[in-house]
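Chemist: File follows, structure.tsv with TSV, C-alpha atoms and all ligand atoms:
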```
chain	number	residue	atom	x	y	z
A	1	MET	CA	-15.97	17.64	-39.25
A	2	ALA	CA	-19.04	18.04	-41.45
A	3	LYS	CA	-18.71	20.27	-44.49
A	4	SER	CA	-21.57	22.55	-45.44
A	5	ILE	CA	-22.62	24.95	-48.14
A	6	PHE	CA	-24.15	28.25	-47.04
A	7	ILE	CA	-26.28	30.12	-49.59
A	8	ASP	CA	-27.01	33.77	-48.87
A	9	THR	CA	-30.17	34.23	-50.92
A	10	THR	CA	-30.05	38.02	-50.42
A	11	ARG	CA	-27.01	38.07	-52.70
A	12	CYS	CA	-28.29	35.65	-55.35
A	13	THR	CA	-29.03	37.33	-58.70
A	14	ALA	CA	-30.34	34.11	-60.27
A	15	CYS	CA	-27.61	34.18	-62.90
A	16	ARG	CA	-27.70	30.35	-62.83
A	17	GLY	CA	-23.94	30.11	-63.21
A	18	CYS	CA	-23.95	27.57	-60.37
A	19	GLN	CA	-26.56	25.45	-62.15
A	20	VAL	CA	-24.56	25.36	-65.38
A	21	ALA	CA	-21.25	24.77	-63.59
A	22	CYS	CA	-22.75	21.77	-61.80
A	23	LYS	CA	-23.88	20.25	-65.09
A	24	GLN	CA	-20.50	20.88	-66.66
A	25	TRP	CA	-18.48	19.36	-63.81
A	26	HIS	CA	-20.64	16.22	-63.75
A	27	ASP	CA	-20.71	15.98	-67.54
A	28	HIS	CA	-24.50	15.91	-67.46
A	29	LYS	CA	-26.30	15.86	-70.77
A	30	ALA	CA	-28.85	18.48	-71.78
A	31	VAL	CA	-32.42	17.49	-70.98
A	32	PRO	CA	-35.58	18.37	-72.94
A	33	THR	CA	-37.34	21.27	-71.26
A	34	LYS	CA	-40.31	23.56	-71.81
A	35	GLN	CA	-41.42	27.08	-71.02
A	36	THR	CA	-43.75	27.03	-68.05
A	37	GLY	CA	-44.26	30.77	-67.64
A	38	THR	CA	-41.21	31.26	-65.42
A	39	HIS	CA	-37.47	31.65	-65.82
A	40	GLN	CA	-37.06	28.47	-63.74
A	41	ASN	CA	-35.56	26.11	-66.23
A	42	PRO	CA	-35.70	23.13	-66.28
A	43	PRO	CA	-38.95	23.10	-64.32
A	44	ASP	CA	-37.55	20.75	-61.65
A	45	LEU	CA	-34.49	18.82	-60.50
A	46	THR	CA	-33.66	15.82	-62.71
A	47	PRO	CA	-31.02	13.06	-62.62
A	48	ASN	CA	-29.04	15.39	-64.90
A	49	ASN	CA	-29.68	18.56	-62.90
A	50	PHE	CA	-28.38	18.32	-59.35
A	51	LYS	CA	-28.85	22.06	-58.87
A	52	LEU	CA	-31.80	24.25	-59.77
A	53	VAL	CA	-32.31	27.95	-59.20
A	54	ARG	CA	-35.98	28.26	-58.27
A	55	PHE	CA	-37.91	31.43	-59.10
A	56	SER	CA	-41.05	32.59	-57.30
A	57	GLU	CA	-43.11	35.77	-57.15
A	58	HIS	CA	-44.68	37.05	-53.95
A	59	LYS	CA	-46.72	40.13	-53.15
A	60	ILE	CA	-45.36	41.64	-49.96
A	61	ASP	CA	-46.74	44.94	-48.59
A	62	GLY	CA	-48.35	45.68	-51.95
A	63	HIS	CA	-45.15	45.14	-53.94
A	64	VAL	CA	-44.26	42.19	-56.12
A	65	HIS	CA	-40.98	40.56	-55.06
A	66	TRP	CA	-39.12	38.19	-57.37
A	67	LEU	CA	-37.35	35.67	-55.15
A	68	PHE	CA	-34.58	33.25	-56.10
A	69	PHE	CA	-33.63	30.05	-54.33
A	70	PRO	CA	-30.70	27.89	-55.48
A	71	ASP	CA	-31.89	24.40	-54.53
A	72	GLN	CA	-29.75	21.30	-53.96
A	73	CYS	CA	-29.15	18.49	-51.45
A	74	ARG	CA	-28.60	19.76	-47.88
A	75	HIS	CA	-26.35	16.83	-46.90
A	76	CYS	CA	-28.30	16.34	-43.68
A	77	LEU	CA	-26.43	15.27	-40.54
A	78	GLN	CA	-28.97	12.45	-40.15
A	79	PRO	CA	-30.07	11.82	-43.74
A	80	ALA	CA	-33.54	10.31	-44.03
A	81	CYS	CA	-32.73	9.20	-47.59
A	82	LYS	CA	-29.87	7.02	-46.34
A	83	ALA	CA	-31.92	5.56	-43.47
A	84	THR	CA	-34.71	4.61	-45.88
A	85	ALA	CA	-32.31	3.19	-48.50
A	86	ASP	CA	-30.52	1.10	-45.84
A	87	MET	CA	-33.80	-0.70	-45.12
A	88	TYR	CA	-33.64	-2.17	-48.64
A	89	VAL	CA	-30.07	-2.11	-49.96
A	90	GLU	CA	-27.19	-1.47	-47.56
A	91	GLY	CA	-24.76	1.03	-49.08
A	92	ALA	CA	-27.13	2.36	-51.74
A	93	ILE	CA	-26.72	5.79	-50.17
A	94	VAL	CA	-23.63	6.43	-48.06
A	95	GLN	CA	-22.38	9.23	-45.83
A	96	ASP	CA	-18.68	10.00	-46.08
A	97	GLU	CA	-17.15	9.80	-42.60
A	98	ALA	CA	-14.58	12.55	-43.09
A	99	THR	CA	-16.85	15.19	-44.64
A	100	GLY	CA	-20.44	14.15	-43.87
A	101	ILE	CA	-21.22	14.27	-47.61
A	102	VAL	CA	-24.20	12.06	-48.57
A	103	VAL	CA	-23.75	10.22	-51.86
A	104	CYS	CA	-25.88	7.89	-54.00
A	105	THR	CA	-23.93	4.84	-55.18
A	106	GLU	CA	-24.33	2.40	-58.08
A	107	LYS	CA	-26.14	0.09	-55.65
A	108	THR	CA	-29.22	2.31	-56.03
A	109	LYS	CA	-29.73	0.35	-59.28
A	110	LYS	CA	-30.73	-2.62	-57.13
A	111	LEU	CA	-33.67	-0.70	-55.65
A	112	THR	CA	-37.13	-1.12	-57.14
A	113	LYS	CA	-39.04	1.90	-58.43
A	114	GLU	CA	-41.33	1.71	-55.39
A	115	GLN	CA	-38.35	1.67	-53.02
A	116	CYS	CA	-36.84	4.66	-54.86
A	117	ASP	CA	-40.14	6.52	-54.56
A	118	GLU	CA	-40.12	5.87	-50.81
A	119	ILE	CA	-36.58	7.21	-50.53
A	120	ILE	CA	-37.51	10.33	-52.49
A	121	GLU	CA	-40.56	10.84	-50.27
A	122	SER	CA	-38.44	10.45	-47.13
A	123	CYS	CA	-36.29	13.43	-48.11
A	124	PRO	CA	-37.78	16.54	-46.44
A	125	TYR	CA	-36.49	18.64	-49.34
A	126	ASN	CA	-37.61	16.41	-52.23
A	127	ILE	CA	-34.12	16.14	-53.67
A	128	PRO	CA	-33.18	12.72	-55.13
A	129	ARG	CA	-34.39	11.81	-58.60
A	130	ARG	CA	-34.55	8.41	-60.31
A	131	ASN	CA	-33.01	7.83	-63.70
A	132	GLU	CA	-35.82	5.91	-65.37
A	133	VAL	CA	-33.40	4.30	-67.86
A	134	SER	CA	-30.66	3.04	-65.52
A	135	GLY	CA	-32.84	2.79	-62.41
A	136	GLU	CA	-30.25	4.74	-60.40
A	137	LEU	CA	-31.03	7.45	-57.88
A	138	ALA	CA	-29.08	10.65	-58.37
A	139	LYS	CA	-28.56	13.90	-56.50
A	140	CYS	CA	-25.98	16.55	-55.58
A	141	ASP	CA	-22.82	14.86	-54.29
A	142	MET	CA	-21.34	18.12	-52.98
A	143	CYS	CA	-18.67	17.55	-55.64
A	144	ILE	CA	-17.03	15.04	-53.30
A	145	ASP	CA	-14.24	14.43	-55.81
A	146	ARG	CA	-13.29	18.12	-55.66
A	147	VAL	CA	-13.69	18.34	-51.88
A	148	GLN	CA	-11.47	15.30	-51.31
A	149	ALA	CA	-8.87	17.00	-53.52
A	150	GLY	CA	-8.99	20.14	-51.35
A	151	LEU	CA	-11.13	22.14	-53.80
A	152	VAL	CA	-14.50	23.83	-53.22
A	153	PRO	CA	-17.66	22.53	-54.94
A	154	MET	CA	-18.05	23.75	-58.49
A	155	CYS	CA	-21.20	25.80	-57.82
A	156	VAL	CA	-19.45	27.65	-54.98
A	157	LYS	CA	-16.39	28.35	-57.12
A	158	THR	CA	-18.56	29.72	-59.91
A	159	CYS	CA	-20.83	32.01	-57.89
A	160	CYS	CA	-19.68	35.51	-58.76
A	161	THR	CA	-21.82	37.45	-56.24
A	162	GLY	CA	-20.50	35.75	-53.11
A	163	ALA	CA	-23.91	34.21	-52.43
A	164	MET	CA	-22.36	30.78	-51.94
A	165	SER	CA	-19.81	29.75	-49.33
A	166	PHE	CA	-18.33	26.38	-48.43
A	167	GLY	CA	-16.50	25.17	-45.33
A	168	GLU	CA	-16.84	23.62	-41.91
A	169	ARG	CA	-20.45	23.43	-40.76
A	170	GLU	CA	-19.78	25.44	-37.58
A	171	ASP	CA	-18.14	28.24	-39.60
A	172	MET	CA	-21.02	28.28	-42.10
A	173	LEU	CA	-23.53	28.54	-39.23
A	174	ILE	CA	-21.68	31.52	-37.76
A	175	LYS	CA	-21.60	33.16	-41.20
A	176	ALA	CA	-25.31	32.49	-41.77
A	177	LYS	CA	-26.31	33.96	-38.39
A	178	LEU	CA	-24.21	37.06	-39.02
A	179	ARG	CA	-25.70	37.60	-42.47
A	180	LEU	CA	-29.23	37.11	-41.11
A	181	THR	CA	-28.64	39.79	-38.48
A	182	GLN	CA	-27.24	42.14	-41.12
A	183	ALA	CA	-30.08	41.45	-43.57
A	184	GLN	CA	-32.71	42.04	-40.88
A	185	ALA	CA	-31.01	45.31	-39.88
A	186	ASP	CA	-31.03	46.43	-43.55
A	187	LEU	CA	-34.84	46.05	-43.58
A	188	GLU	CA	-35.33	48.36	-40.58
A	201	LIG	FE1	-30.99	15.24	-46.74
A	201	LIG	FE2	-32.63	14.87	-48.80
A	201	LIG	FE3	-30.05	15.34	-49.23
A	201	LIG	FE4	-30.82	13.02	-48.22
A	201	LIG	S1	-31.32	13.82	-50.26
A	201	LIG	S2	-29.11	14.27	-47.48
A	201	LIG	S3	-32.52	13.63	-46.92
A	201	LIG	S4	-31.52	16.74	-48.33
A	202	LIG	FE1	-23.68	20.44	-58.09
A	202	LIG	FE2	-21.46	20.09	-56.67
A	202	LIG	FE3	-23.00	22.24	-56.27
A	202	LIG	FE4	-23.88	19.84	-55.51
A	202	LIG	S1	-22.12	20.94	-54.69
A	202	LIG	S2	-25.04	21.41	-56.61
A	202	LIG	S3	-23.00	18.54	-57.10
A	202	LIG	S4	-21.87	21.75	-58.14
A	203	LIG	FE1	-27.27	32.79	-57.38
A	203	LIG	FE2	-24.61	32.55	-57.25
A	203	LIG	FE3	-26.07	30.63	-58.36
A	203	LIG	FE4	-25.79	32.98	-59.62
A	203	LIG	S1	-24.16	31.50	-59.18
A	203	LIG	S2	-27.69	31.80	-59.34
A	203	LIG	S3	-25.74	34.39	-57.87
A	203	LIG	S4	-26.12	31.27	-56.18
```
Hey, can you dump this file as structure tokens for me?

Modeler:
Amino acid sequence: MAKSIFIDTTRCTACRGCQVACKQWHDHKAVPTKQTGTHQNPPDLTPNNFKLVRFSEHKIDGHVHWLFFPDQCRHCLQPACKATADMYVEGAIVQDEATGIVVCTEKTKKLTKEQCDEIIESCPYNIPRRNEVSGELAKCDMCIDRVQAGLVPMCVKTCCTGAMSFGEREDMLIKAKLRLTQAQADLE
């Protein structure tokens, strides 16, 4: 059964606890960053930032709305990244049979920069990033080590508003549809 993460963006306060928790669990080093006129920091996903809370402003019905979107790998059922990687190096990106989790492996080091760029372009969500020093591709691994130990991903555990949920894909879909109905009703 495929595992999924459901993010209810109506409940996200952009505290970025999930972003920090992800870095801490993966022992990711701090990366140089810069102010770009937004609270979105760092400006984009990096090999050391598997999770990024995106900030955007939109004018809707004459009012400015500040919208937050916690971004990470979707662990697609049919991952384009894996299909593209398999054309060059078998096993560079693998999909765990038991959970459906899509993971980059050390074999991504064997890919050329051009092949990595193709893999990144194949992802409809622009998720993987290449470590320019090691040559490896990196992205959210759904905390597969935690999941295989019966724990929830670190970002889900950390989220204090209940915006993030983790479980069987079917259950997450039911939850998402219910929340969408409720959120639409709240707007009426
Ligand atoms: Fe899907 Fe992109 Fe994640 Fe691959 S990297 S599983 S294509 S979201
Ligand atoms: Fe990071 Fe794990 Fe959350 Fe993916 S599931 S964003 S690796 S904490
Ligand atoms: Fe949003 Fe939860 Fe992440 Fe905070 S921890 S930014 S509320 S998803």

Chemist: Hey, which bits of chain A sit within 7 Å of ligand LIG 203 (chain A), and for each residue what's the closest pair of atoms and how far apart in Å (one decimal), counting only C-alpha atoms and all ligand atoms, rows by chain and increasing number, as JSON lines?

Modeler:
```
{"residue": "A:Ile7", "atom": "CA", "partner": "A:LIG203", "partner_atom": "S4", "distance": 6.7}
{"residue": "A:Arg11", "atom": "CA", "partner": "A:LIG203", "partner_atom": "S3", "distance": 6.5}
{"residue": "A:Cys12", "atom": "CA", "partner": "A:LIG203", "partner_atom": "FE1", "distance": 3.7}
{"residue": "A:Thr13", "atom": "CA", "partner": "A:LIG203", "partner_atom": "S3", "distance": 4.5}
{"residue": "A:Ala14", "atom": "CA", "partner": "A:LIG203", "partner_atom": "S2", "distance": 3.6}
{"residue": "A:Cys15", "atom": "CA", "partner": "A:LIG203", "partner_atom": "FE4", "distance": 3.9}
{"residue": "A:Arg16", "atom": "CA", "partner": "A:LIG203", "partner_atom": "S2", "distance": 3.8}
{"residue": "A:Gly17", "atom": "CA", "partner": "A:LIG203", "partner_atom": "S1", "distance": 4.3}
{"residue": "A:Cys18", "atom": "CA", "partner": "A:LIG203", "partner_atom": "S1", "distance": 4.1}
{"residue": "A:Gln19", "atom": "CA", "partner": "A:LIG203", "partner_atom": "FE3", "distance": 6.4}
{"residue": "A:Val53", "atom": "CA", "partner": "A:LIG203", "partner_atom": "S2", "distance": 6.0}
{"residue": "A:Pro70", "atom": "CA", "partner": "A:LIG203", "partner_atom": "S4", "distance": 5.7}
{"residue": "A:Cys155", "atom": "CA", "partner": "A:LIG203", "partner_atom": "S1", "distance": 6.6}
{"residue": "A:Thr158", "atom": "CA", "partner": "A:LIG203", "partner_atom": "S1", "distance": 5.9}
{"residue": "A:Cys159", "atom": "CA", "partner": "A:LIG203", "partner_atom": "S1", "distance": 3.6}
{"residue": "A:Cys160", "atom": "CA", "partner": "A:LIG203", "partner_atom": "FE2", "distance": 5.9}
{"residue": "A:Thr161", "atom": "CA", "partner": "A:LIG203", "partner_atom": "S3", "distance": 5.2}
{"residue": "A:Gly162", "atom": "CA", "partner": "A:LIG203", "partner_atom": "FE2", "distance": 6.7}
{"residue": "A:Ala163", "atom": "CA", "partner": "A:LIG203", "partner_atom": "FE2", "distance": 5.1}
{"residue": "A:Met164", "atom": "CA", "partner": "A:LIG203", "partner_atom": "S4", "distance": 5.7}
```

Chemist: Report as JSON the centre and the edge lengths, in Å to one decimal, of the axis-aligned box holding every listed atom of ligand LIG 201 (chain A), padded by 5 Å on each side.

Modeler:
```
{"center_x": -30.9, "center_y": 14.9, "center_z": -48.5, "size_x": 13.5, "size_y": 13.7, "size_z": 13.5}
```

Chemist: Within 9 Å of ligand LIG 202 (chain A), which residues show up when you count all atoms listed in the file? List them as a ChimeraX atom specification, please.

Modeler: /A:5,18-26,49-52,70-74,139-144,146,152-158

Chemist: Compile the contact shell of Pro128 (chain A) as JSON, numbers by chain: residues with an atom at most 8 Å away, counting only C-alpha atoms, same-chain residues fewer than 2 positions apart removed.

Modeler: {"A": [47, 73, 119, 120, 123, 126, 130, 137, 138, 139]}

Chemist: When distances are computed from only C-alpha atoms, which of A:Ala2, A:Asp8, A:His39, A:Val94 shows the smallest separation from Leu180 (chain A)?

Modeler: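 Result for the nearest residue to Leu180 (chain A): A:Asp8.
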
Chemist: Would you compute the distance between CA of Glu118 (chain A) and CA of Glu97 (chain A)? Give it in Å to one decimal.

Modeler: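 Separation of CA of Glu118 (chain A) and CA of Glu97 (chain A): 24.7 Å.
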
Chemist: If you count all atoms listed in the file, which residues fall within 10 Å of region 173-178 of chain A, apart from same-chain ones fewer than 2 positions away, as a list in words?

Modeler: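 Within the cut-off, the hits are Ser4, Ile5, Phe6, Ile7, Asp8, Ser165, Gly167, Glu168, Arg169, Glu170, Asp171, Leu180, Thr181, Gln182 and Ala183 of chain A.
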
Chemist: Which residue gives the smallest distance to Ala80 (chain A) among A:Thr99, A:Thr36, A:Ile127, A:Lys113, with all atoms listed in the file counted?

Modeler: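 With all atoms listed in the file as the atom set, the closest residue is A:Ile127.
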